[in-house]
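What follows is a single structure, written as structure tokens, with notes after it.
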Amino acid sequence: MPTLNKIRSALAGATGHRGRPSAASPRPDLRRFRITLTVFFALDGFLFAGWVVRIPAVKAQTGASSSALGLALLGVSAGAVATMMLTGRLCSRLGSQPVVLVCGLLLPLSVALPPLTRSALALGLVLLVFGAAYGGMSVALNSAAVDLIAALRRPVMPGFHAAFSLGGMLGAGLGGLVAGRLSPTRHLLLLAAAGLLLALLFARPLLRFPLEPARREPDGAETTGGTARAPGRARWLVAVLGLIALCTAYGEGALADWSALHLADDLSAGAGLAAAGYSVFAGAMTLGRLSGTTLVERLGPDRVLIAGGALGCCGMLLGSLAPSVWLALAGFVVTGLGLANVFPIAIGRAGDLAGPGGVAAASTFGYGGILVGPVAIGFLADWFSLPTALLTVAVLAAFASLTAWATRRAVLPHG
């Protein structure tokens, strides 16, 4: 018996609580799966940014006004929201990994469609398809990440979103380099081919790892700090987290859809420099998210959310009102650093509370809240000016900070 107890103690020390690997020395297969999941996050950002930097060219191609373009861009959010809850149910039933792969194949195919359109109506319809693939990919990736985080027992969600931002930075940078050389059609067709190849290359390591769902209370109640939470309260907390995620999703979407036009039309930047707007924003988000795990471990998620929203507000005030391109780019950098970890913390915490359903609900709430965002910015740009419209990003960033502060004890564990 003493020998048996020693063996059990050794196994417990090697694998951690409930048979999971310890944070200090994760199993090699966990590390390999983490790399694979990181690649898919990066692919998601790379393809999305590739489309974003070609929005001005597609706008000119279709002859759409700012308000018509805003309505067409609504298709991305509408398609995403339409599929997010369905994706959450599929992840619960089939597992997140097969859903990640299916969406990872559909997303490259759909990104090639927008430059084939010749009207704002046709653009909006194909963006519904692109948005559906993008929304499904977002939910499936975050659901898989929540389960992997439970196995690793470390808050590494910001690292996955750093890969998304890095992919976005690379995609935007590449788009800026080829903007004057390749038509939008050729550029996005090449991106589609590269995306399909990458998804197929990593399909086997994605599917072969037996990832177990994160464990939760069997009756649906959640426990944090020794306090049991009923399912109804958990749903309310997920809604609050979705509201916080909304503010970052709105900011990311606004800069993705309108930063290039703001720099080009309001500050007379050339095509390549205008494309750099989203690239520097994505680069700043990448840096912020790479340090996100350390920040959360040292400061706690509540402080990171509150400070991040406040910094994002200040950055977007500068980015919207700056009189020169370089000051506006500096504002985009500050905005990216501030908002970097808001969305991953909120979505990760929703997954902790309610699994794939929580990820889907918070994501749907976040992206659903910006259904009117592209339209509102487009109409405000027509009625007033694009800089005035972009000030709404600063307002929502401040609101996210205040919401995180007001609900910090109920929603998030203190670091």
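Each chain of the structure tokens is named A, B, ... in the order shown, its residues numbered from 1; ligands are numbered from 1 in display order.
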
Skipping near chain neighbours, those fewer than 4 positions away, what residues fall within 10 Å of segment 181-197 of chain A using only C-alpha atoms, listed as a short mmCIF file (atom, residue, chain, number, x, y, z; two decimals) with N, CA and C atoms, in the first residue's frame?
data_model
loop_
_atom_site.label_atom_id
_atom_site.label_comp_id
_atom_site.auth_asym_id
_atom_site.auth_seq_id
_atom_site.Cartn_x
_atom_site.Cartn_y
_atom_site.Cartn_z
N PHE A 40 -4.59 28.04 -36.77
CA PHE A 40 -5.94 28.33 -37.26
C PHE A 40 -6.41 29.72 -36.82
N LEU A 43 -4.69 32.01 -39.21
CA LEU A 43 -5.31 31.94 -40.53
C LEU A 43 -6.60 32.76 -40.57
N ASP A 44 -7.38 32.69 -39.50
CA ASP A 44 -8.62 33.45 -39.40
C ASP A 44 -8.34 34.95 -39.55
N PHE A 46 -5.61 36.39 -40.79
CA PHE A 46 -4.95 36.67 -42.06
C PHE A 46 -5.96 36.84 -43.19
N LEU A 47 -6.94 35.94 -43.25
CA LEU A 47 -7.93 36.02 -44.32
C LEU A 47 -8.86 37.22 -44.14
N GLY A 50 -7.03 40.32 -45.15
CA GLY A 50 -6.86 40.38 -46.59
C GLY A 50 -8.07 41.00 -47.28
N TRP A 51 -9.26 40.69 -46.79
CA TRP A 51 -10.48 41.31 -47.32
C TRP A 51 -10.56 42.77 -46.91
N VAL A 53 -8.37 45.17 -46.24
CA VAL A 53 -7.56 46.19 -46.89
C VAL A 53 -7.98 46.41 -48.34
N ARG A 54 -8.81 45.53 -48.89
CA ARG A 54 -9.28 45.75 -50.25
C ARG A 54 -10.67 46.38 -50.30
N ILE A 55 -11.20 46.78 -49.13
CA ILE A 55 -12.52 47.42 -49.11
C ILE A 55 -12.56 48.68 -49.96
N PRO A 56 -11.56 49.59 -49.88
CA PRO A 56 -11.63 50.78 -50.73
C PRO A 56 -11.72 50.44 -52.22
N ALA A 57 -10.94 49.45 -52.67
CA ALA A 57 -10.97 49.08 -54.09
C ALA A 57 -12.31 48.47 -54.48
N VAL A 58 -12.86 47.63 -53.60
CA VAL A 58 -14.16 47.03 -53.89
C VAL A 58 -15.25 48.09 -53.86
N GLN A 61 -15.08 49.80 -57.08
CA GLN A 61 -15.52 48.87 -58.13
C GLN A 61 -17.03 48.78 -58.21
N GLY A 104 -12.67 26.25 -41.31
CA GLY A 104 -11.37 26.61 -41.85
C GLY A 104 -11.25 26.37 -43.34
N LEU A 105 -12.11 25.52 -43.89
CA LEU A 105 -12.15 25.31 -45.34
C LEU A 105 -13.13 26.25 -46.03
N LEU A 106 -14.23 26.56 -45.35
CA LEU A 106 -15.24 27.44 -45.94
C LEU A 106 -14.77 28.90 -45.98
N LEU A 107 -14.04 29.33 -44.96
CA LEU A 107 -13.62 30.73 -44.89
C LEU A 107 -12.73 31.14 -46.07
N PRO A 108 -11.70 30.37 -46.45
CA PRO A 108 -10.90 30.75 -47.62
C PRO A 108 -11.72 30.80 -48.90
N LEU A 109 -12.67 29.86 -49.04
CA LEU A 109 -13.49 29.87 -50.25
C LEU A 109 -14.35 31.13 -50.32
N SER A 110 -14.88 31.57 -49.18
CA SER A 110 -15.79 32.71 -49.19
C SER A 110 -15.06 34.04 -49.35
N VAL A 111 -13.77 34.12 -48.97
CA VAL A 111 -13.07 35.39 -49.05
C VAL A 111 -12.81 35.80 -50.50
N ALA A 112 -12.89 34.85 -51.41
CA ALA A 112 -12.66 35.15 -52.83
C ALA A 112 -13.89 35.74 -53.52
N LEU A 113 -15.03 35.75 -52.85
CA LEU A 113 -16.28 36.18 -53.49
C LEU A 113 -16.48 37.69 -53.61
N PRO A 114 -16.15 38.52 -52.59
CA PRO A 114 -16.47 39.96 -52.68
C PRO A 114 -15.95 40.68 -53.92
N PRO A 115 -14.70 40.45 -54.38
CA PRO A 115 -14.25 41.21 -55.55
C PRO A 115 -14.92 40.79 -56.86
N LEU A 116 -15.72 39.73 -56.83
CA LEU A 116 -16.43 39.31 -58.03
C LEU A 116 -17.74 40.06 -58.22
N THR A 117 -18.11 40.90 -57.26
CA THR A 117 -19.39 41.61 -57.32
C THR A 117 -19.24 42.95 -58.03
N GLY A 171 -1.68 39.90 -42.89
CA GLY A 171 -2.61 40.01 -44.02
C GLY A 171 -2.77 41.44 -44.49
N LEU A 174 0.58 42.58 -46.17
CA LEU A 174 0.68 42.02 -47.52
C LEU A 174 -0.28 42.73 -48.46
N GLY A 175 -1.48 43.00 -47.97
CA GLY A 175 -2.45 43.70 -48.81
C GLY A 175 -1.97 45.08 -49.20
N GLY A 176 -1.32 45.79 -48.26
CA GLY A 176 -0.78 47.10 -48.60
C GLY A 176 0.32 47.01 -49.64
N LEU A 177 1.15 45.97 -49.58
CA LEU A 177 2.24 45.82 -50.54
C LEU A 177 1.74 45.52 -51.95
N LEU A 201 -3.21 21.16 -44.56
CA LEU A 201 -1.95 20.69 -43.98
C LEU A 201 -2.08 20.41 -42.48
N PHE A 202 -2.89 21.22 -41.80
CA PHE A 202 -3.02 21.07 -40.35
C PHE A 202 -4.30 20.34 -39.94
N ALA A 203 -4.99 19.75 -40.92
CA ALA A 203 -6.22 19.03 -40.59
C ALA A 203 -5.95 17.82 -39.71
#

- Query: Do you know which residues are at most 7 Å from segment 246-251 of chain A counting only C-alpha atoms, after dropping those on the same chain fewer than 4 positions away, and could you put them as a PyMOL selection string?
  - Reply: chain A and resi 242+255+339+342-343+365-367+369-370+373+393+396-397+400

- Backbone-only DSSP, alpha helix (DSSP H) members of segment 153-363 of chain A, as number ranges by chain: A: 157-178, 184-201, 203-208, 231-261, 271-290, 292-299, 301-321, 325-339, 342-363

- Note on the structure: Min atom-atom distance to Phe209 of chain A from the set A:Ser385, A:Asn341, A:Thr36, A:Ser143, counting only C-alpha atoms, belongs to A:Thr36

- Rank nothing, just name the residue among A:Ser92, A:His262, A:Leu241, A:Val99 nearest to Leu321 of chain A, using only C-alpha atoms.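 Among A:Ser92, A:His262, A:Leu241, A:Val99, it is A:His262 that comes nearest to Leu321 of chain A.
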
- Message: Restricting the calculation to only C-alpha atoms: of A:Gly338, A:Pro323, A:Gly351, A:Gly131, which residue gets closest to Asp266 of chain A?
- Response: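 Among A:Gly338, A:Pro323, A:Gly351, A:Gly131, it is A:Pro323 that comes nearest to Asp266 of chain A.
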
- Item | Near-Asp352 of chain A list (10 Å; only C-alpha atoms; drop same-chain fewer than 2 positions) as a VMD selection string | chain A and resid 143 146 to 147 149 to 150 214 to 216 222 238 346 to 350 354 to 356 358 to 359

- Task: For atom CA of Gly159 of chain A and atom CA of Val304 of chain A, determine how far apart the two atoms are, in Å to one decimal place.
- Result: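 Atom CA of Val304 of chain A lies at a distance of 14.7 Å from atom CA of Gly159 of chain A.
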
- Counting only C-alpha atoms, what is within 6 Å of segment 285-300 of chain A, bar same-chain residues fewer than 6 positions away, as a list in words?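 My reading of the contact set: Pro155, Val156, Pro158, Gly159, Ala162, Ser165, Leu166, Gly336, Leu337, Ala340, Asn341, His414 and Gly415 of chain A.
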
Taking C-alpha atoms for each residue, export the selection above as a PDB file, in the first residue's frame.
ATOM      1  CA  PRO A 155      -5.038  31.717 -18.880  1.00  0.00           C
ATOM      2  CA  VAL A 156      -3.503  31.519 -22.368  1.00  0.00           C
ATOM      3  CA  PRO A 158      -4.820  36.146 -25.062  1.00  0.00           C
ATOM      4  CA  GLY A 159      -2.042  34.197 -26.793  1.00  0.00           C
ATOM      5  CA  ALA A 162      -2.452  37.360 -30.411  1.00  0.00           C
ATOM      6  CA  SER A 165      -3.962  39.724 -34.550  1.00  0.00           C
ATOM      7  CA  LEU A 166      -0.589  38.674 -35.943  1.00  0.00           C
ATOM      8  CA  GLY A 336      -4.965  48.410 -30.266  1.00  0.00           C
ATOM      9  CA  LEU A 337      -2.897  48.118 -27.081  1.00  0.00           C
ATOM     10  CA  ALA A 340      -6.155  43.916 -27.100  1.00  0.00           C
ATOM     11  CA  ASN A 341      -7.245  41.713 -24.208  1.00  0.00           C
ATOM     12  CA  HIS A 414      -9.900  39.289  -8.904  1.00  0.00           C
ATOM     13  CA  GLY A 415      -6.201  38.773  -9.563  1.00  0.00           C
TER      14      GLY A 415
END

- Rounded to one decimal in Å, what is the spacing between atom CA of Ser67 of chain A and atom CA of Gly272 of chain A?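 Atom CA of Gly272 of chain A lies at a distance of 24.0 Å from atom CA of Ser67 of chain A.
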
- Atom pair atom CA of Leu128 of chain A / atom CA of Cys103 of chain A: separation (Å):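 Computing it gives 14.3 Å between the two atoms.
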
- Message: Just want the 9 Å neighbourhood of Asp257 of chain A, counted on only C-alpha atoms, with same-chain residues fewer than 4 positions away dropped. Output as a list in words.
- Response: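 The neighbour list is Val52, Val53, Ile55, Gly70, Leu73, Glu252, Gly253, Leu261, Tyr278 and Pro374 of chain A.
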